[in-house]
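Enquirer: Quick one, final-v9.txt (compact mmCIF, N, CA and C atoms):
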# COMPACT_ATOMS: atom_id res chain seq x y z
N MET K 13 7.97 0.37 26.70
CA MET K 13 6.75 0.08 25.96
C MET K 13 6.73 -1.41 25.62
N GLY K 14 5.67 -2.11 26.00
CA GLY K 14 5.55 -3.53 25.74
C GLY K 14 5.04 -3.80 24.33
N PHE K 15 5.10 -5.05 23.93
CA PHE K 15 4.65 -5.47 22.60
C PHE K 15 3.13 -5.47 22.53
N THR K 16 2.59 -4.89 21.48
CA THR K 16 1.16 -4.93 21.19
C THR K 16 0.98 -5.49 19.79
N SER K 17 0.24 -6.56 19.69
CA SER K 17 -0.03 -7.13 18.37
C SER K 17 -1.15 -6.37 17.69
N HIS K 18 -0.99 -6.14 16.41
CA HIS K 18 -2.01 -5.49 15.61
C HIS K 18 -2.62 -6.48 14.61
N MET K 19 -2.46 -7.77 14.93
CA MET K 19 -2.97 -8.79 14.01
C MET K 19 -4.50 -8.80 13.97
N GLU K 20 -5.16 -8.42 15.04
CA GLU K 20 -6.63 -8.39 15.01
C GLU K 20 -7.12 -7.38 13.97
N ALA K 21 -6.44 -6.25 13.84
CA ALA K 21 -6.80 -5.27 12.81
C ALA K 21 -6.57 -5.85 11.42
N ALA K 22 -5.49 -6.60 11.26
CA ALA K 22 -5.23 -7.25 9.97
C ALA K 22 -6.31 -8.29 9.68
N LEU K 23 -6.73 -9.03 10.69
CA LEU K 23 -7.82 -10.00 10.51
C LEU K 23 -9.12 -9.30 10.13
N ASP K 24 -9.39 -8.13 10.71
CA ASP K 24 -10.58 -7.36 10.33
C ASP K 24 -10.52 -7.00 8.85
N GLN K 25 -9.35 -6.60 8.38
CA GLN K 25 -9.18 -6.26 6.96
C GLN K 25 -9.38 -7.51 6.09
N ALA K 26 -8.90 -8.65 6.55
CA ALA K 26 -9.07 -9.91 5.81
C ALA K 26 -10.56 -10.28 5.72
N ARG K 27 -11.27 -10.12 6.83
CA ARG K 27 -12.70 -10.42 6.83
C ARG K 27 -13.45 -9.50 5.85
N ALA K 28 -13.09 -8.23 5.84
CA ALA K 28 -13.71 -7.28 4.91
C ALA K 28 -13.41 -7.66 3.46
N ALA K 29 -12.19 -8.11 3.20
CA ALA K 29 -11.83 -8.55 1.85
C ALA K 29 -12.70 -9.74 1.44
N ALA K 30 -12.85 -10.69 2.34
CA ALA K 30 -13.68 -11.86 2.04
C ALA K 30 -15.12 -11.45 1.74
N ALA K 31 -15.63 -10.49 2.48
CA ALA K 31 -17.00 -10.02 2.27
C ALA K 31 -17.16 -9.38 0.89
N ARG K 32 -16.06 -8.87 0.33
CA ARG K 32 -16.09 -8.29 -1.02
C ARG K 32 -15.81 -9.33 -2.10
N GLY K 33 -15.61 -10.60 -1.68
CA GLY K 33 -15.32 -11.66 -2.64
C GLY K 33 -13.84 -11.81 -2.96
N GLU K 34 -13.01 -11.14 -2.20
CA GLU K 34 -11.55 -11.20 -2.40
C GLU K 34 -10.96 -12.29 -1.51
N VAL K 35 -9.80 -12.80 -1.87
CA VAL K 35 -9.08 -13.73 -1.00
C VAL K 35 -8.83 -13.00 0.32
N PRO K 36 -9.21 -13.60 1.45
CA PRO K 36 -9.15 -12.90 2.73
C PRO K 36 -7.74 -12.75 3.31
N VAL K 37 -7.08 -11.71 2.85
CA VAL K 37 -5.77 -11.35 3.39
C VAL K 37 -5.85 -9.90 3.80
N GLY K 38 -5.37 -9.61 5.00
CA GLY K 38 -5.35 -8.24 5.51
C GLY K 38 -3.96 -7.87 5.98
N ALA K 39 -3.66 -6.57 5.91
CA ALA K 39 -2.35 -6.08 6.31
C ALA K 39 -2.48 -4.75 7.04
N VAL K 40 -1.60 -4.53 7.99
CA VAL K 40 -1.57 -3.30 8.77
C VAL K 40 -0.12 -2.86 8.92
N VAL K 41 0.14 -1.58 8.69
CA VAL K 41 1.48 -1.01 8.91
C VAL K 41 1.41 -0.17 10.17
N VAL K 42 2.38 -0.39 11.05
CA VAL K 42 2.46 0.31 12.33
C VAL K 42 3.76 1.10 12.37
N SER K 43 3.68 2.35 12.79
CA SER K 43 4.86 3.21 12.86
C SER K 43 5.82 2.74 13.95
N ALA K 44 7.01 3.28 13.93
CA ALA K 44 8.01 2.97 14.95
C ALA K 44 7.50 3.33 16.34
N GLU K 45 6.56 4.29 16.40
CA GLU K 45 5.99 4.71 17.69
C GLU K 45 4.80 3.86 18.10
N GLY K 46 4.41 2.90 17.28
CA GLY K 46 3.33 1.99 17.62
C GLY K 46 1.94 2.41 17.15
N GLN K 47 1.87 3.41 16.28
CA GLN K 47 0.58 3.87 15.77
C GLN K 47 0.26 3.19 14.43
N VAL K 48 -0.99 2.77 14.27
CA VAL K 48 -1.42 2.22 12.99
C VAL K 48 -1.46 3.38 11.99
N ILE K 49 -0.71 3.24 10.90
CA ILE K 49 -0.68 4.31 9.90
C ILE K 49 -1.31 3.89 8.57
N ALA K 50 -1.56 2.61 8.39
CA ALA K 50 -2.19 2.14 7.16
C ALA K 50 -2.75 0.74 7.37
N GLN K 51 -3.83 0.45 6.67
CA GLN K 51 -4.39 -0.90 6.71
C GLN K 51 -5.18 -1.14 5.44
N ALA K 52 -5.15 -2.39 4.99
CA ALA K 52 -5.83 -2.73 3.74
C ALA K 52 -6.08 -4.23 3.68
N GLY K 53 -7.05 -4.58 2.86
CA GLY K 53 -7.31 -5.97 2.53
C GLY K 53 -7.12 -6.13 1.03
N ASN K 54 -7.00 -7.36 0.58
CA ASN K 54 -6.84 -7.61 -0.86
C ASN K 54 -7.94 -6.90 -1.65
N ARG K 55 -7.54 -6.35 -2.81
CA ARG K 55 -8.48 -5.71 -3.73
C ARG K 55 -8.16 -6.06 -5.18
N VAL K 56 -7.63 -7.24 -5.40
CA VAL K 56 -7.22 -7.66 -6.74
C VAL K 56 -8.41 -7.64 -7.70
N ILE K 57 -9.52 -8.23 -7.31
CA ILE K 57 -10.69 -8.32 -8.17
C ILE K 57 -11.36 -6.95 -8.29
N GLU K 58 -11.58 -6.31 -7.16
CA GLU K 58 -12.25 -5.01 -7.14
C GLU K 58 -11.51 -3.98 -8.00
N ASP K 59 -10.19 -3.95 -7.88
CA ASP K 59 -9.38 -2.96 -8.62
C ASP K 59 -8.95 -3.46 -10.00
N ARG K 60 -9.22 -4.75 -10.28
CA ARG K 60 -8.75 -5.36 -11.52
C ARG K 60 -7.25 -5.13 -11.69
N ASP K 61 -6.55 -5.45 -10.59
CA ASP K 61 -5.11 -5.17 -10.50
C ASP K 61 -4.44 -6.35 -9.80
N PRO K 62 -3.64 -7.14 -10.52
CA PRO K 62 -3.01 -8.30 -9.89
C PRO K 62 -2.01 -7.94 -8.79
N SER K 63 -1.62 -6.67 -8.72
CA SER K 63 -0.68 -6.26 -7.67
C SER K 63 -1.40 -5.70 -6.44
N ALA K 64 -2.72 -5.68 -6.42
CA ALA K 64 -3.48 -5.09 -5.32
C ALA K 64 -3.60 -6.05 -4.14
N HIS K 65 -2.46 -6.59 -3.73
CA HIS K 65 -2.40 -7.42 -2.53
C HIS K 65 -2.48 -6.51 -1.31
N ALA K 66 -2.96 -7.04 -0.21
CA ALA K 66 -3.12 -6.26 1.02
C ALA K 66 -1.82 -5.56 1.42
N GLU K 67 -0.71 -6.29 1.33
CA GLU K 67 0.58 -5.72 1.73
C GLU K 67 0.95 -4.52 0.86
N VAL K 68 0.78 -4.67 -0.45
CA VAL K 68 1.12 -3.59 -1.39
C VAL K 68 0.29 -2.35 -1.08
N LEU K 69 -1.01 -2.54 -0.92
CA LEU K 69 -1.90 -1.41 -0.66
C LEU K 69 -1.57 -0.72 0.66
N ALA K 70 -1.32 -1.51 1.70
CA ALA K 70 -0.99 -0.93 3.01
C ALA K 70 0.36 -0.20 2.97
N ILE K 71 1.33 -0.76 2.29
CA ILE K 71 2.64 -0.10 2.19
C ILE K 71 2.52 1.20 1.40
N ARG K 72 1.76 1.19 0.33
CA ARG K 72 1.55 2.44 -0.43
C ARG K 72 0.91 3.51 0.44
N GLN K 73 -0.12 3.13 1.21
CA GLN K 73 -0.79 4.08 2.10
C GLN K 73 0.18 4.62 3.15
N ALA K 74 0.99 3.73 3.72
CA ALA K 74 1.93 4.13 4.77
C ALA K 74 2.99 5.09 4.21
N CYS K 75 3.49 4.81 3.03
CA CYS K 75 4.48 5.70 2.41
C CYS K 75 3.87 7.08 2.17
N ALA K 76 2.63 7.10 1.70
CA ALA K 76 1.95 8.38 1.48
C ALA K 76 1.75 9.11 2.81
N ALA K 77 1.35 8.39 3.84
CA ALA K 77 1.10 9.02 5.14
C ALA K 77 2.38 9.60 5.74
N LEU K 78 3.50 8.91 5.54
CA LEU K 78 4.77 9.38 6.09
C LEU K 78 5.54 10.29 5.14
N GLY K 79 5.10 10.35 3.90
CA GLY K 79 5.79 11.17 2.91
C GLY K 79 7.18 10.66 2.60
N SER K 80 7.31 9.33 2.55
CA SER K 80 8.62 8.72 2.30
C SER K 80 8.46 7.39 1.59
N GLU K 81 9.45 7.04 0.79
CA GLU K 81 9.45 5.73 0.14
C GLU K 81 10.03 4.66 1.06
N ARG K 82 10.52 5.04 2.20
CA ARG K 82 11.09 4.10 3.17
C ARG K 82 10.24 4.07 4.43
N LEU K 83 10.01 2.89 4.95
CA LEU K 83 9.24 2.70 6.17
C LEU K 83 10.14 2.18 7.29
N THR K 84 11.31 2.77 7.38
CA THR K 84 12.30 2.38 8.39
C THR K 84 11.68 2.46 9.78
N GLY K 85 11.84 1.42 10.55
CA GLY K 85 11.30 1.37 11.90
C GLY K 85 9.87 0.87 11.98
N CYS K 86 9.19 0.77 10.85
CA CYS K 86 7.79 0.34 10.84
C CYS K 86 7.68 -1.18 10.88
N ALA K 87 6.51 -1.63 11.32
CA ALA K 87 6.19 -3.06 11.33
C ALA K 87 5.02 -3.32 10.41
N LEU K 88 5.01 -4.49 9.80
CA LEU K 88 3.90 -4.91 8.95
C LEU K 88 3.30 -6.18 9.54
N TYR K 89 2.00 -6.15 9.75
CA TYR K 89 1.24 -7.32 10.20
C TYR K 89 0.42 -7.78 9.02
N VAL K 90 0.51 -9.05 8.68
CA VAL K 90 -0.27 -9.58 7.55
C VAL K 90 -0.76 -10.98 7.92
N THR K 91 -1.97 -11.30 7.50
CA THR K 91 -2.60 -12.54 7.93
C THR K 91 -2.04 -13.78 7.23
N LEU K 92 -1.41 -13.59 6.08
CA LEU K 92 -0.87 -14.71 5.31
C LEU K 92 0.58 -14.41 4.94
N GLU K 93 1.42 -15.41 4.97
CA GLU K 93 2.81 -15.25 4.56
C GLU K 93 2.87 -14.52 3.22
N PRO K 94 3.63 -13.45 3.14
CA PRO K 94 3.71 -12.69 1.88
C PRO K 94 4.27 -13.53 0.73
N CYS K 95 3.73 -13.27 -0.47
CA CYS K 95 4.25 -13.91 -1.68
C CYS K 95 5.59 -13.26 -2.03
N ALA K 96 6.23 -13.76 -3.07
CA ALA K 96 7.54 -13.23 -3.47
C ALA K 96 7.45 -11.75 -3.86
N MET K 97 6.38 -11.36 -4.56
CA MET K 97 6.22 -9.96 -4.95
C MET K 97 6.15 -9.06 -3.71
N CYS K 98 5.32 -9.46 -2.76
CA CYS K 98 5.14 -8.64 -1.56
C CYS K 98 6.40 -8.65 -0.69
N ALA K 99 7.06 -9.78 -0.59
CA ALA K 99 8.30 -9.85 0.18
C ALA K 99 9.35 -8.92 -0.41
N SER K 100 9.44 -8.86 -1.72
CA SER K 100 10.38 -7.96 -2.36
C SER K 100 10.04 -6.51 -2.03
N LEU K 101 8.76 -6.16 -2.07
CA LEU K 101 8.34 -4.81 -1.72
C LEU K 101 8.66 -4.50 -0.26
N ILE K 102 8.46 -5.45 0.63
CA ILE K 102 8.79 -5.27 2.04
C ILE K 102 10.27 -4.93 2.19
N SER K 103 11.10 -5.63 1.45
CA SER K 103 12.54 -5.35 1.47
C SER K 103 12.83 -3.96 0.93
N GLN K 104 12.24 -3.61 -0.21
CA GLN K 104 12.47 -2.30 -0.82
C GLN K 104 12.01 -1.16 0.09
N ALA K 105 10.93 -1.37 0.81
CA ALA K 105 10.39 -0.34 1.71
C ALA K 105 11.16 -0.27 3.03
N ARG K 106 12.03 -1.23 3.25
CA ARG K 106 12.85 -1.28 4.48
C ARG K 106 12.00 -1.44 5.75
N ILE K 107 10.93 -2.24 5.63
CA ILE K 107 10.11 -2.57 6.80
C ILE K 107 11.02 -3.22 7.84
N ALA K 108 10.92 -2.79 9.09
CA ALA K 108 11.80 -3.31 10.14
C ALA K 108 11.39 -4.69 10.65
N ARG K 109 10.06 -4.88 10.82
CA ARG K 109 9.57 -6.13 11.39
C ARG K 109 8.36 -6.61 10.60
N LEU K 110 8.35 -7.91 10.31
CA LEU K 110 7.24 -8.54 9.61
C LEU K 110 6.63 -9.59 10.54
N TYR K 111 5.33 -9.44 10.79
CA TYR K 111 4.57 -10.40 11.57
C TYR K 111 3.53 -11.01 10.63
N TYR K 112 3.50 -12.33 10.54
CA TYR K 112 2.45 -12.92 9.70
C TYR K 112 1.82 -14.11 10.37
N GLY K 113 0.59 -14.39 9.93
CA GLY K 113 -0.22 -15.45 10.52
C GLY K 113 0.05 -16.80 9.90
N ALA K 114 -0.75 -17.15 8.90
CA ALA K 114 -0.67 -18.48 8.28
C ALA K 114 0.49 -18.56 7.30
N SER K 115 1.15 -19.70 7.28
CA SER K 115 2.17 -19.97 6.26
C SER K 115 1.47 -20.29 4.95
N ASP K 116 2.17 -20.07 3.84
CA ASP K 116 1.60 -20.33 2.53
C ASP K 116 2.53 -21.25 1.75
N PRO K 117 2.33 -22.58 1.91
CA PRO K 117 3.22 -23.54 1.22
C PRO K 117 3.16 -23.42 -0.30
N LYS K 118 2.06 -22.94 -0.85
CA LYS K 118 1.90 -22.85 -2.30
C LYS K 118 2.57 -21.61 -2.88
N SER K 119 2.34 -20.46 -2.27
CA SER K 119 2.79 -19.20 -2.87
C SER K 119 3.62 -18.32 -1.96
N GLY K 120 3.98 -18.82 -0.78
CA GLY K 120 4.75 -18.01 0.16
C GLY K 120 6.12 -17.64 -0.38
N GLY K 121 6.60 -16.48 0.01
CA GLY K 121 7.90 -16.02 -0.45
C GLY K 121 8.86 -15.71 0.68
N VAL K 122 8.48 -16.07 1.91
CA VAL K 122 9.32 -15.74 3.07
C VAL K 122 9.91 -17.01 3.67
N GLY K 123 9.07 -17.86 4.24
CA GLY K 123 9.53 -19.11 4.85
C GLY K 123 9.40 -20.29 3.91
N GLN K 124 8.63 -20.10 2.85
CA GLN K 124 8.37 -21.14 1.86
C GLN K 124 8.94 -20.68 0.52
N GLY K 125 8.87 -21.51 -0.47
CA GLY K 125 9.15 -21.12 -1.86
C GLY K 125 10.39 -20.29 -2.07
N ALA K 126 10.19 -19.09 -2.60
CA ALA K 126 11.29 -18.23 -3.06
C ALA K 126 12.23 -17.76 -1.94
N ARG K 127 11.73 -17.67 -0.73
CA ARG K 127 12.53 -17.17 0.41
C ARG K 127 13.30 -15.91 0.02
N VAL K 128 12.56 -14.93 -0.38
CA VAL K 128 13.11 -13.69 -0.94
C VAL K 128 14.19 -13.06 -0.08
N PHE K 129 13.99 -13.03 1.22
CA PHE K 129 14.95 -12.35 2.09
C PHE K 129 16.28 -13.08 2.19
N GLU K 130 16.32 -14.33 1.77
CA GLU K 130 17.56 -15.10 1.80
C GLU K 130 18.40 -14.92 0.54
N GLN K 131 17.83 -14.26 -0.47
CA GLN K 131 18.54 -14.08 -1.74
C GLN K 131 19.52 -12.91 -1.65
N SER K 132 20.63 -13.03 -2.35
CA SER K 132 21.64 -11.97 -2.31
C SER K 132 21.11 -10.66 -2.90
N GLN K 133 20.09 -10.73 -3.74
CA GLN K 133 19.51 -9.52 -4.33
C GLN K 133 18.65 -8.74 -3.33
N SER K 134 18.31 -9.35 -2.23
CA SER K 134 17.49 -8.68 -1.22
C SER K 134 18.39 -7.75 -0.40
N HIS K 135 18.13 -6.46 -0.51
CA HIS K 135 18.98 -5.47 0.15
C HIS K 135 18.66 -5.29 1.62
N HIS K 136 17.53 -5.79 2.05
CA HIS K 136 17.11 -5.60 3.44
C HIS K 136 16.29 -6.82 3.86
N LYS K 137 16.54 -7.27 5.06
CA LYS K 137 15.76 -8.38 5.62
C LYS K 137 15.15 -7.90 6.95
N PRO K 138 13.82 -7.91 7.02
CA PRO K 138 13.19 -7.51 8.29
C PRO K 138 13.33 -8.62 9.32
N ASP K 139 13.11 -8.27 10.57
CA ASP K 139 12.94 -9.29 11.60
C ASP K 139 11.60 -9.96 11.29
N ILE K 140 11.56 -11.27 11.35
CA ILE K 140 10.37 -12.02 10.94
C ILE K 140 9.82 -12.80 12.12
N TYR K 141 8.51 -12.65 12.33
CA TYR K 141 7.79 -13.37 13.38
C TYR K 141 6.59 -14.03 12.72
N ASP K 142 6.60 -15.35 12.64
CA ASP K 142 5.50 -16.05 11.98
C ASP K 142 4.59 -16.72 13.00
N GLY K 143 3.44 -17.17 12.54
CA GLY K 143 2.50 -17.89 13.39
C GLY K 143 1.68 -17.01 14.31
N ILE K 144 1.65 -15.70 14.07
CA ILE K 144 0.86 -14.79 14.91
C ILE K 144 -0.61 -14.91 14.47
N CYS K 145 -1.47 -15.35 15.38
CA CYS K 145 -2.88 -15.61 15.06
C CYS K 145 -3.00 -16.56 13.87
N GLU K 146 -2.13 -17.53 13.84
CA GLU K 146 -2.06 -18.46 12.71
C GLU K 146 -3.37 -19.20 12.48
N GLU K 147 -3.97 -19.72 13.53
CA GLU K 147 -5.18 -20.52 13.36
C GLU K 147 -6.34 -19.68 12.82
N GLU K 148 -6.52 -18.47 13.36
CA GLU K 148 -7.60 -17.61 12.87
C GLU K 148 -7.38 -17.24 11.40
N SER K 149 -6.14 -16.94 11.06
CA SER K 149 -5.82 -16.57 9.68
C SER K 149 -6.06 -17.73 8.73
N ALA K 150 -5.60 -18.91 9.11
CA ALA K 150 -5.78 -20.10 8.27
C ALA K 150 -7.25 -20.47 8.15
N ALA K 151 -8.01 -20.33 9.23
CA ALA K 151 -9.44 -20.67 9.21
C ALA K 151 -10.20 -19.77 8.23
N LEU K 152 -9.87 -18.48 8.20
CA LEU K 152 -10.52 -17.57 7.24
C LEU K 152 -10.28 -18.04 5.81
N LEU K 153 -9.06 -18.41 5.52
CA LEU K 153 -8.72 -18.87 4.17
C LEU K 153 -9.42 -20.18 3.84
N ARG K 154 -9.40 -21.12 4.79
CA ARG K 154 -10.07 -22.42 4.55
C ARG K 154 -11.55 -22.23 4.27
N MET K 155 -12.22 -21.41 5.09
CA MET K 155 -13.66 -21.18 4.90
C MET K 155 -13.93 -20.51 3.55
N PHE K 156 -13.12 -19.53 3.20
CA PHE K 156 -13.30 -18.82 1.93
C PHE K 156 -13.22 -19.79 0.75
N PHE K 157 -12.17 -20.60 0.71
CA PHE K 157 -12.00 -21.50 -0.43
C PHE K 157 -12.99 -22.67 -0.38
N ARG K 158 -13.37 -23.11 0.80
CA ARG K 158 -14.40 -24.14 0.90
C ARG K 158 -15.71 -23.62 0.32
N ASP K 159 -16.08 -22.40 0.70
CA ASP K 159 -17.32 -21.81 0.18
C ASP K 159 -17.25 -21.65 -1.34
N ARG K 160 -16.10 -21.31 -1.87
CA ARG K 160 -15.93 -21.16 -3.31
C ARG K 160 -16.14 -22.50 -4.02
N ARG K 161 -15.60 -23.57 -3.44
CA ARG K 161 -15.73 -24.90 -4.06
C ARG K 161 -17.17 -25.38 -4.02
N GLU K 162 -17.89 -25.06 -2.95
CA GLU K 162 -19.26 -25.53 -2.78
C GLU K 162 -20.27 -24.74 -3.60
N ASN K 163 -19.92 -23.55 -4.00
CA ASN K 163 -20.89 -22.70 -4.75
C ASN K 163 -20.56 -22.64 -6.22
If you convert what's in this file into structure tokens, what do you get?

Expert:
Amino acid sequence: MGFTSHMEAALDQARAAAARGEVPVGAVVVSAEGQVIAQAGNRVIEDRDPSAHAEVLAIRQACAALGSERLTGCALYVTLEPCAMCASLISQARIARLYYGASDPKSGGVGQGARVFEQSQSHHKPDIYDGICEEESAALLRMFFRDRREN
């Protein structure tokens, strides 16, 4: 079985989040067999919940779908480098592979900033693949924040 990227589905979730006035971040969880089992976009404002990041929502859905608190063998596709909170959750859920688009120099927790997976407290480190659809992911964010500044 060859590699199939699910970043376009994550980008669709990010676009939907932007349309709702949320920061455009989307996430998709894919099973070990390659099936999409969960997808979500940010809902922080809509849910009035600071933890309603796309990654958190998608991981919760995936755990419910699989009936397990562990997502061993699963992959997570997310349009923006996860923050420290989300990176910690990725570790706790035992996600096998993390694919992300744009880096986040301000709030990233994987390749930037906290580097959660490099800390001794991190019990699990997924395989990490960055820069997947990076330009499309970054462009969504740039347009969203540009529009916010202009309005």

Enquirer: For a quick check of understanding, using all atoms listed in the file, which of K:Val122, K:Leu78, K:Ile71, K:Arg109 has the smallest distance to Cys95 (chain K)?

Expert: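 Of all the options, K:Val122 lies closest to Cys95 (chain K).
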
Enquirer: Under the rule that all atoms listed in the file are counted, which of K:Glu58, K:Tyr111, K:Gln73, K:Phe129 is the nearest residue to Ile144 (chain K)?

Expert: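 That would be K:Tyr111, the residue with the smallest distance to Ile144 (chain K).
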
Enquirer: Check region 48-150 of chain K with DSSP on the backbone and list each residue it calls helix (DSSP H, G or I), as a PyMOL selection string.

Expert: chain K and resi 56-59+66-78+96-105+128-130+146-150

Enquirer: Please indicate the distance in Å from CA of Leu153 (chain K) to atom C of Pro36 (chain K), rounded to one decimal place.

Expert: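 Atom C of Pro36 (chain K) lies 6.3 Å from CA of Leu153 (chain K).
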
Enquirer: Counting only C-alpha atoms, what is within 7 Å of region 79-92 of chain K, bar same-chain residues fewer than 4 positions away, as a PyMOL selection string?

Expert: chain K and resi 18-19+22-23+37-44+75+105-116+149

Enquirer: Measure the distance from CA of Ala96 (chain K) to CA of Gly121 (chain K) in Å and round it to one decimal.

Expert: 4.1 Å

Enquirer: Looking at K:Ala70, K:Ala99, K:Val35, K:Ile140, which one is nearest to Ile57 (chain K), with distances taken over all atoms listed in the file?

Expert: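 Of K:Ala70, K:Ala99, K:Val35, K:Ile140, the one nearest Ile57 (chain K) is K:Val35, counting all atoms listed in the file.
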
Enquirer: Could you state the separation of atom N of Ala66 (chain K) and CA of Glu162 (chain K) in Å, given to one decimal place?

Expert: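 Separating atom N of Ala66 (chain K) from CA of Glu162 (chain K) is a distance of 24.8 Å.
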
Enquirer: Run DSSP on the backbone of this structure and report the residues of region 17-148 of chain K it assigns to strand (DSSP E), as an NGL selection string.

Expert: :K and (38-42 or 48-53 or 87-92 or 109-114 or 139-142)

Enquirer: My list of candidates is K:Asn54, K:Ser119, K:Ser132, K:Ser100. Which is closest to Ala29 (chain K) when distances are computed with only N, CA and C atoms?

Expert: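 Under the stated criterion, the closest residue is K:Asn54.
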